[in-house]
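A.B. asks: What follows is model-v5.txt; its format and atoms are compact mmCIF, C-alpha atoms.
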```txt
# COMPACT_ATOMS: atom_id res chain seq x y z
CA MET A 1 -204.73 85.89 -3.33
CA LYS A 2 -203.64 87.52 -0.08
CA VAL A 3 -200.07 86.81 1.07
CA LEU A 4 -198.41 87.67 4.36
CA PHE A 5 -194.59 87.52 4.48
CA ILE A 6 -192.79 88.01 7.79
CA GLY A 7 -189.07 88.84 7.96
CA ASP A 8 -186.18 87.07 9.70
CA ILE A 9 -187.37 85.67 13.05
CA VAL A 10 -184.54 86.05 15.57
CA GLY A 11 -184.43 83.67 18.52
CA ASN A 12 -186.87 83.37 21.38
CA THR A 13 -187.77 87.07 21.28
CA GLY A 14 -188.79 86.80 17.63
CA ARG A 15 -190.74 83.60 18.19
CA LYS A 16 -192.58 85.21 21.11
CA ALA A 17 -193.57 88.19 18.93
CA LEU A 18 -194.75 85.92 16.12
CA ARG A 19 -196.84 83.81 18.49
CA GLU A 20 -198.42 86.86 20.10
CA MET A 21 -199.18 88.82 16.93
CA LEU A 22 -200.14 86.21 14.35
CA PRO A 23 -203.78 86.08 15.49
CA SER A 24 -204.12 89.86 15.10
CA LEU A 25 -202.33 89.82 11.74
CA LYS A 26 -204.64 87.08 10.51
CA SER A 27 -207.68 89.02 11.69
CA LYS A 28 -206.56 92.27 10.01
CA TYR A 29 -205.27 90.96 6.68
CA GLN A 30 -207.15 87.66 6.24
CA PRO A 31 -204.16 86.12 4.41
CA HIS A 32 -204.61 82.95 2.43
CA ILE A 33 -200.92 82.06 2.76
CA ILE A 34 -198.33 83.01 5.39
CA ILE A 35 -194.56 82.69 4.77
CA VAL A 36 -191.78 83.44 7.27
CA ASN A 37 -187.99 83.52 7.09
CA GLY A 38 -186.71 81.21 9.83
CA GLU A 39 -182.93 81.10 9.38
CA ASN A 40 -182.30 82.83 12.75
CA ALA A 41 -185.12 81.22 14.69
CA ALA A 42 -183.03 78.92 16.91
CA ALA A 43 -181.05 81.20 19.25
CA GLY A 44 -180.24 83.40 16.25
CA ARG A 45 -178.62 80.63 14.21
CA GLY A 46 -180.52 78.16 12.08
CA ILE A 47 -183.73 76.34 12.88
CA THR A 48 -184.79 73.08 14.55
CA SER A 49 -187.59 70.70 13.65
CA ALA A 50 -189.38 71.61 16.90
CA ILE A 51 -189.35 75.31 16.01
CA ALA A 52 -190.44 74.66 12.42
CA ASN A 53 -193.36 72.57 13.66
CA GLU A 54 -194.20 75.31 16.16
CA PHE A 55 -194.48 77.80 13.29
CA PHE A 56 -196.67 75.43 11.28
CA ASN A 57 -198.93 74.86 14.27
CA TRP A 58 -199.40 78.64 14.58
CA GLY A 59 -200.62 78.85 10.99
CA VAL A 60 -197.44 79.43 8.94
CA HIS A 61 -197.56 77.65 5.58
CA GLY A 62 -193.95 77.95 4.40
CA ILE A 63 -190.48 78.74 5.79
CA THR A 64 -187.55 80.21 3.86
CA MET A 65 -183.92 80.22 5.02
CA GLY A 66 -180.57 81.86 4.16
CA ASN A 67 -176.86 81.84 4.92
CA HIS A 68 -177.44 80.48 8.44
CA THR A 69 -179.35 77.46 7.13
CA TRP A 70 -176.76 74.96 8.36
CA ASP A 71 -175.84 76.56 11.70
CA ASN A 72 -178.02 74.17 13.69
CA ARG A 73 -177.12 70.61 12.78
CA ASP A 74 -180.61 69.40 13.64
CA ILE A 75 -181.65 70.58 10.19
CA PHE A 76 -179.87 67.68 8.51
CA GLU A 77 -182.27 65.32 10.26
CA PHE A 78 -185.44 66.77 8.73
CA ILE A 79 -184.81 69.16 5.82
CA ASP A 80 -185.19 66.46 3.16
CA ASP A 81 -188.52 65.32 4.65
CA GLU A 82 -190.15 68.74 5.18
CA PRO A 83 -191.44 70.13 1.86
CA ARG A 84 -192.73 73.33 3.49
CA LEU A 85 -189.18 74.46 4.39
CA ILE A 86 -186.77 75.62 1.67
CA ARG A 87 -183.14 76.77 1.64
CA PRO A 88 -181.37 78.92 -0.99
CA ALA A 89 -181.72 77.18 -4.34
CA ASN A 90 -178.31 78.32 -5.55
CA PHE A 91 -176.39 76.15 -3.10
CA PRO A 92 -174.37 73.59 -5.12
CA PRO A 93 -176.04 70.48 -6.56
CA GLY A 94 -176.31 67.69 -3.99
CA THR A 95 -176.95 70.04 -1.07
CA PRO A 96 -179.67 68.65 1.24
CA GLY A 97 -183.15 70.09 1.03
CA ARG A 98 -184.89 71.98 -1.75
CA GLY A 99 -184.72 75.54 -3.05
CA TYR A 100 -188.36 75.99 -3.99
CA THR A 101 -191.76 74.48 -3.30
CA VAL A 102 -195.46 75.09 -3.78
CA VAL A 103 -197.52 75.72 -0.66
CA LYS A 104 -201.25 75.11 -0.68
CA ALA A 105 -203.72 76.58 1.81
CA ASN A 106 -207.24 77.96 1.92
CA GLY A 107 -207.85 76.85 -1.65
CA LYS A 108 -204.83 78.80 -2.96
CA GLN A 109 -201.40 77.84 -4.30
CA LEU A 110 -198.24 79.93 -4.02
CA ALA A 111 -194.86 78.87 -5.36
CA ILE A 112 -192.01 80.07 -3.14
CA VAL A 113 -188.36 80.32 -4.16
CA ASN A 114 -185.35 80.99 -1.91
CA LEU A 115 -182.17 82.52 -3.38
CA GLN A 116 -179.00 83.83 -1.72
CA GLY A 117 -176.91 86.78 -2.88
CA ARG A 118 -173.16 86.65 -3.46
CA THR A 119 -172.06 90.22 -2.70
CA PHE A 120 -170.47 90.31 0.79
CA LEU A 121 -171.65 86.72 1.36
CA PRO A 122 -169.95 83.36 0.63
CA ALA A 123 -169.55 82.67 -3.07
CA ILE A 124 -172.14 80.16 -4.26
CA ASP A 125 -173.87 79.57 -7.58
CA CYS A 126 -175.35 82.55 -9.45
CA PRO A 127 -178.75 83.50 -8.00
CA PHE A 128 -179.83 85.17 -11.24
CA ARG A 129 -179.25 82.13 -13.44
CA THR A 130 -180.63 79.76 -10.82
CA GLY A 131 -183.66 81.99 -10.35
CA ASP A 132 -184.26 82.07 -14.12
CA GLU A 133 -184.31 78.29 -14.36
CA ILE A 134 -186.67 77.80 -11.43
CA VAL A 135 -189.11 80.66 -12.06
CA ASP A 136 -189.41 79.92 -15.78
CA GLU A 137 -190.19 76.29 -14.94
CA LEU A 138 -192.70 77.22 -12.23
CA ARG A 139 -194.55 79.65 -14.49
CA ARG A 140 -195.62 76.77 -16.72
CA GLU A 141 -198.12 75.78 -14.02
CA HIS A 142 -198.17 78.61 -11.45
CA ASN A 143 -198.95 82.30 -11.91
CA CYS A 144 -198.27 83.36 -8.31
CA ILE A 145 -194.61 83.11 -7.25
CA LEU A 146 -192.80 84.62 -4.25
CA VAL A 147 -189.01 84.98 -4.27
CA ASP A 148 -187.17 85.49 -0.96
CA PHE A 149 -183.79 86.92 -1.96
CA HIS A 150 -181.53 86.57 1.06
CA ALA A 151 -178.77 89.06 0.29
CA GLU A 152 -176.57 91.74 1.82
CA ALA A 153 -176.13 94.35 -0.92
CA THR A 154 -179.01 96.70 -1.68
CA SER A 155 -177.91 96.96 -5.31
CA GLU A 156 -177.97 93.19 -5.78
CA LYS A 157 -181.48 93.01 -4.33
CA ILE A 158 -182.80 95.82 -6.51
CA ALA A 159 -181.22 94.16 -9.52
CA MET A 160 -183.05 90.94 -8.67
CA GLY A 161 -186.33 92.82 -8.36
CA TYR A 162 -186.04 94.21 -11.88
CA HIS A 163 -184.67 90.91 -13.18
CA MET A 164 -187.79 89.11 -11.95
CA ASP A 165 -190.27 91.90 -12.76
CA GLY A 166 -193.25 90.46 -14.58
CA ARG A 167 -192.24 86.87 -13.80
CA ALA A 168 -192.42 86.72 -10.00
CA SER A 169 -195.41 88.11 -8.11
CA ILE A 170 -193.33 89.18 -5.10
CA VAL A 171 -189.58 89.70 -4.68
CA VAL A 172 -188.73 90.43 -1.06
CA GLY A 173 -185.27 90.77 0.43
CA THR A 174 -184.18 89.32 3.76
CA HIS A 175 -180.91 89.09 5.74
CA THR A 176 -180.08 92.65 6.86
CA HIS A 177 -182.76 92.71 9.62
CA VAL A 178 -183.52 96.37 8.84
CA GLN A 179 -186.77 97.09 7.00
CA SER A 180 -186.29 99.27 3.90
CA ASN A 181 -188.68 102.02 2.84
CA ASP A 182 -188.82 101.30 -0.89
CA ASP A 183 -191.94 99.16 -1.21
CA VAL A 184 -193.17 99.41 -4.79
CA ILE A 185 -195.07 97.52 -7.44
CA LEU A 186 -192.66 97.46 -10.38
CA PRO A 187 -193.76 98.21 -13.98
CA GLY A 188 -194.24 94.53 -14.81
CA GLY A 189 -196.46 93.93 -11.77
CA THR A 190 -193.96 92.52 -9.27
CA ALA A 191 -194.34 93.65 -5.65
CA TYR A 192 -190.85 94.56 -4.43
CA LEU A 193 -189.24 95.41 -1.07
CA THR A 194 -185.46 95.50 -0.61
CA ASP A 195 -185.65 94.11 2.92
CA ALA A 196 -188.62 92.92 4.92
CA GLY A 197 -186.84 93.57 8.22
CA MET A 198 -186.83 91.23 11.20
CA VAL A 199 -188.87 89.91 14.10
CA GLY A 200 -186.79 90.24 17.25
CA SER A 201 -185.52 92.59 19.92
CA ARG A 202 -185.65 96.28 19.04
CA GLU A 203 -183.35 97.03 21.98
CA GLY A 204 -180.42 94.97 20.70
CA ILE A 205 -178.31 95.24 17.55
CA LEU A 206 -179.97 93.27 14.74
CA GLY A 207 -181.64 91.23 17.47
CA MET A 208 -178.48 90.48 19.43
CA GLU A 209 -177.34 91.84 22.80
CA ARG A 210 -175.63 95.20 22.30
CA GLU A 211 -172.62 94.64 24.54
CA ALA A 212 -171.18 91.70 22.60
CA VAL A 213 -171.64 93.42 19.23
CA LEU A 214 -170.09 96.66 20.46
CA TYR A 215 -167.16 94.75 21.96
CA LYS A 216 -166.39 93.12 18.61
CA PHE A 217 -166.59 96.41 16.70
CA LYS A 218 -164.41 98.27 19.22
CA THR A 219 -161.78 95.58 19.77
CA GLN A 220 -161.89 93.47 16.57
CA LEU A 221 -161.72 90.44 18.87
CA PRO A 222 -164.04 87.41 18.75
CA SER A 223 -167.28 87.83 20.65
CA ARG A 224 -170.16 85.45 21.31
CA PHE A 225 -173.44 86.94 20.13
CA VAL A 226 -176.52 86.16 22.22
CA VAL A 227 -180.13 86.91 21.31
CA ASP A 228 -181.40 89.99 23.13
CA GLU A 229 -184.49 89.56 25.29
CA GLY A 230 -185.71 93.17 25.10
CA LYS A 231 -188.99 94.45 23.69
CA TRP A 232 -189.70 93.13 20.23
CA GLN A 233 -190.37 94.55 16.80
CA LEU A 234 -192.11 92.72 13.96
CA HIS A 235 -191.60 93.51 10.29
CA GLY A 236 -192.98 92.09 7.09
CA LEU A 237 -195.25 92.77 4.14
CA PHE A 238 -198.74 92.06 2.91
CA ALA A 239 -199.58 91.71 -0.77
CA GLU A 240 -202.64 90.98 -2.86
CA LEU A 241 -202.12 89.12 -6.12
CA ASP A 242 -204.21 88.70 -9.26
CA GLU A 243 -204.36 84.91 -9.59
CA ALA A 244 -205.12 85.10 -13.32
CA THR A 245 -201.88 86.93 -14.13
CA GLY A 246 -199.72 86.67 -11.00
CA ALA A 247 -199.37 90.46 -10.88
CA ALA A 248 -199.48 92.26 -7.53
CA THR A 249 -202.38 94.65 -7.06
CA LYS A 250 -201.53 95.81 -3.52
CA LEU A 251 -198.42 96.02 -1.36
CA GLU A 252 -198.17 97.17 2.24
CA LYS A 253 -195.25 97.16 4.69
CA ILE A 254 -195.90 95.85 8.19
CA ARG A 255 -194.06 97.47 11.10
CA MET A 256 -195.05 96.71 14.68
CA ARG A 257 -193.39 97.44 18.04
CA GLU A 258 -194.18 95.86 21.38
CA GLY A 259 -196.05 98.28 23.58
CA ASP A 260 -196.56 100.82 20.77
CA TRP A 261 -198.92 99.01 18.43
CA ILE A 262 -202.70 98.79 18.45
CA MET A 263 -204.09 96.60 15.69
CA ASP A 264 -206.92 98.29 13.77
```
I need this file expressed as structure tokens, please.
C.D. replies:
Amino acid sequence: MKVLFIGDIVGNTGRKALREMLPSLKSKYQPHIIIVNGENAAAGRGITSAIANEFFNWGVHGITMGNHTWDNRDIFEFIDDEPRLIRPANFPPGTPGRGYTVVKANGKQLAIVNLQGRTFLPAIDCPFRTGDEIVDELRREHNCILVDFHAEATSEKIAMGYHMDGRASIVVGTHTHVQSNDDVILPGGTAYLTDAGMVGSREGILGMEREAVLYKFKTQLPSRFVVDEGKWQLHGLFAELDEATGAATKLEKIRMREGDWIMD
């Protein structure tokens, strides 16, 4: 199975990059299943049903979220009715939506799980225990499982990678918007990357206009962050999985920059 995962899509700039580059990515990698993180897709905060449907129409099969899941209140109108969109599974019981699902496309099935870290993020239920319960249940029927661990601390993400090694096919981190350089297939066969990076402006700060971010750092005063409209960058990963075992056999980082990239 060939899987394409694309990191946090930030606002209009990120959506523009995804729309422009998905055809070339499909042509190059021939993925069976495409997953994106969409928690920053609507002006940098949350997602709307219109944007989610836009992604699906472009060929995305599943959307993961994170700590900005609830920033756009439109999500409460559709999250329970859209099985292809998941939010962190370790939100408390009774939270709208679902924390995992199984996406089916091109004759393949991939279980996807969304978890959120607790270090330097709001305290919610334990992602390790929650992940254990879900992944162990999924493995009764599914060999191929992707875990999007939306977390701040590098150590927490690496710990999750080893914790899931041999049980999840892919553990990929999101949230920091900066792609890490530690792509590896772990001893148990799990493809791991601390952070997939983002899809958004490479001229801003984490996809936001520089001036507002600098003002907040220099003054410690409130500042309204706005999505930067500069040239984009697109980050993600591609993995090939052995469907019989769920183990990863190939892992490749994807790093593209507007104006600098020529697709092979």
A.B. asks: Mind checking which residues fall within 6 Å of region 25-37 of chain A, counting all atoms listed in the file, ignoring those fewer than 2 positions away in the same chain, and posting them as a list of chain:residue names?
C.D. replies: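 Final neighbour list, sorted by chain and number: A:Lys2, A:Val3, A:Leu4, A:Phe5, A:Ile6, A:Gly7, A:Asp8, A:Leu22, A:Pro23, A:Val60, A:His61, A:Gly62, A:Ile63, A:Thr64, A:Met65, A:Asn106.
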A.B. asks: List every residue of region 99-120 of chain A that has an atom at most 10 Å from any atom of region 235-249 of chain A, giving for each one its closest atom pair and the distance in Å to one decimal, counting only C-alpha atoms, sorted by chain and then by ascending residue number, as a tab-separated table.
C.D. replies:
```
residue	atom	partner	partner_atom	distance
A:Lys108	CA	A:Glu243	CA	9.0
A:Gln109	CA	A:Glu243	CA	9.3
A:Leu110	CA	A:Glu243	CA	9.7
```
A.B. asks: Let me see the file: selected residues, C-alpha atoms, as a CSV table (one decimal), in the frame of the given file.
C.D. replies:
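Result file follows (selection.csv):
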```csv
chain,number,residue,atom,x,y,z
A,108,LYS,CA,-204.8,78.8,-3.0
A,109,GLN,CA,-201.4,77.8,-4.3
A,110,LEU,CA,-198.2,79.9,-4.0
```
A.B. asks: For CA of Arg257 (chain A) and CA of Leu193 (chain A), determine how far apart the two atoms are, in Å to one decimal place.
C.D. replies: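 According to the coordinates, CA of Arg257 (chain A) and CA of Leu193 (chain A) are separated by 19.7 Å.
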A.B. asks: What's around region 150-165 of chain A at 7 Å? Count all atoms listed in the file, leave out sequence neighbours fewer than 5 positions away in its own chain, and write the answer as a ChimeraX atom specification.
C.D. replies: /A:66,115-117,119-120,171,173-176,186,188-190,192,194
A.B. asks: Compile a residue-level contact table for region 114-210 of chain A against region 214-217 of chain A at a cut-off of 10 Å, reporting for every qualifying residue the shortest atom pair and its distance in Å to one decimal, with all atoms listed in the file counted, rows ordered by chain and ascending number, as a Markdown table.
C.D. replies:
```
| residue | atom | partner | partner_atom | distance |
| --- | --- | --- | --- | --- |
| A:Ile205 | CA | A:Leu214 | CA | 8.8 |
| A:Glu209 | CA | A:Leu214 | CA | 9.0 |
| A:Arg210 | CA | A:Leu214 | CA | 6.0 |
```
A.B. asks: Given the choices A:Asp125, A:Asp81, A:Asp228, A:Glu54, which gets closest to Ala212 (chain A) if the distance is worked out from only C-alpha atoms?
C.D. replies: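 Looking at the shortest contact to Ala212 (chain A), the residue is A:Asp228.
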A.B. asks: A:Arg224, A:Arg167, A:Arg98, A:His68: which is nearest Asn40 (chain A), counting all atoms listed in the file?
C.D. replies: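 Smallest distance to Asn40 (chain A) is found for A:His68.
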A.B. asks: Using all atoms listed in the file, which protein or nucleic acid residues come within 10 Å of Ile79 (chain A)? Drop anything in the same chain fewer than 3 positions from it, and give the result as a list in words.
C.D. replies: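 Within the cut-off, the hits are Thr48, Ser49, Asp74, Ile75, Phe76, Glu82, Pro83, Arg84, Leu85, Ile86, Arg87, Pro96, Gly97 and Arg98 of chain A.
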A.B. asks: Restricting it to C-alpha atoms, dump the selection as a tab-separated table (two decimals), in the frame of the given file.
C.D. replies:
```tsv
chain	number	residue	atom	x	y	z
A	48	THR	CA	-184.79	73.08	14.55
A	49	SER	CA	-187.59	70.70	13.65
A	74	ASP	CA	-180.61	69.40	13.64
A	75	ILE	CA	-181.65	70.58	10.19
A	76	PHE	CA	-179.87	67.68	8.51
A	82	GLU	CA	-190.15	68.74	5.18
A	83	PRO	CA	-191.44	70.13	1.86
A	84	ARG	CA	-192.73	73.33	3.49
A	85	LEU	CA	-189.18	74.46	4.39
A	86	ILE	CA	-186.77	75.62	1.67
A	87	ARG	CA	-183.14	76.77	1.64
A	96	PRO	CA	-179.67	68.65	1.24
A	97	GLY	CA	-183.15	70.09	1.03
A	98	ARG	CA	-184.89	71.98	-1.75
```
A.B. asks: May I ask which of the residues A:Ala123, A:Val178, A:Ile134, A:Ile51 is the closest one to Asn72 (chain A), counting only C-alpha atoms?
C.D. replies: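 Of A:Ala123, A:Val178, A:Ile134, A:Ile51, the one nearest Asn72 (chain A), counting only C-alpha atoms, is A:Ile51.
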A.B. asks: Rounded to one decimal in Å, what is the spacing between CA of Gly59 (chain A) and CA of Arg19 (chain A)?
C.D. replies: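 Interatomic distance here is 9.8 Å.
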A.B. asks: Just want the 7 Å neighbourhood of region 11-15 of chain A, counted on only C-alpha atoms, with same-chain residues fewer than 2 positions away dropped. Output as a list in words.
C.D. replies: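 Skipping anything fewer than 2 positions along the chain leaves Ile9, Ala17, Leu18, Arg19, Asn40, Ala41, Ala42, Ala43, Gly44, Val199, Gly200, Ser201, Val227, Glu229 and Trp232 of chain A.
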A.B. asks: Quick one: pull the distance between CA of Gly38 (chain A) and CA of Ser223 (chain A), Å, one decimal.
C.D. replies: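 One can read the CA of Gly38 (chain A) to CA of Ser223 (chain A) distance as 23.2 Å.
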A.B. asks: Find the residue from A:Val213, A:Ala52, A:Val184, A:Ile47 that sits nearest to Arg73 (chain A); use only C-alpha atoms when measuring.
C.D. replies: A:Ile47
A.B. asks: Using all atoms listed in the file, can you tell me which of A:Gly197, A:Asp183, A:Thr219, A:Met208 comes closest to Arg255 (chain A)?
C.D. replies: A:Gly197
A.B. asks: Measuring between only C-alpha atoms, which one of A:Glu39, A:Pro222, A:Ser24, A:Gly94 shows the shortest distance to His177 (chain A)?
C.D. replies: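 The shortest atom-to-atom distance to His177 (chain A) comes from A:Glu39.
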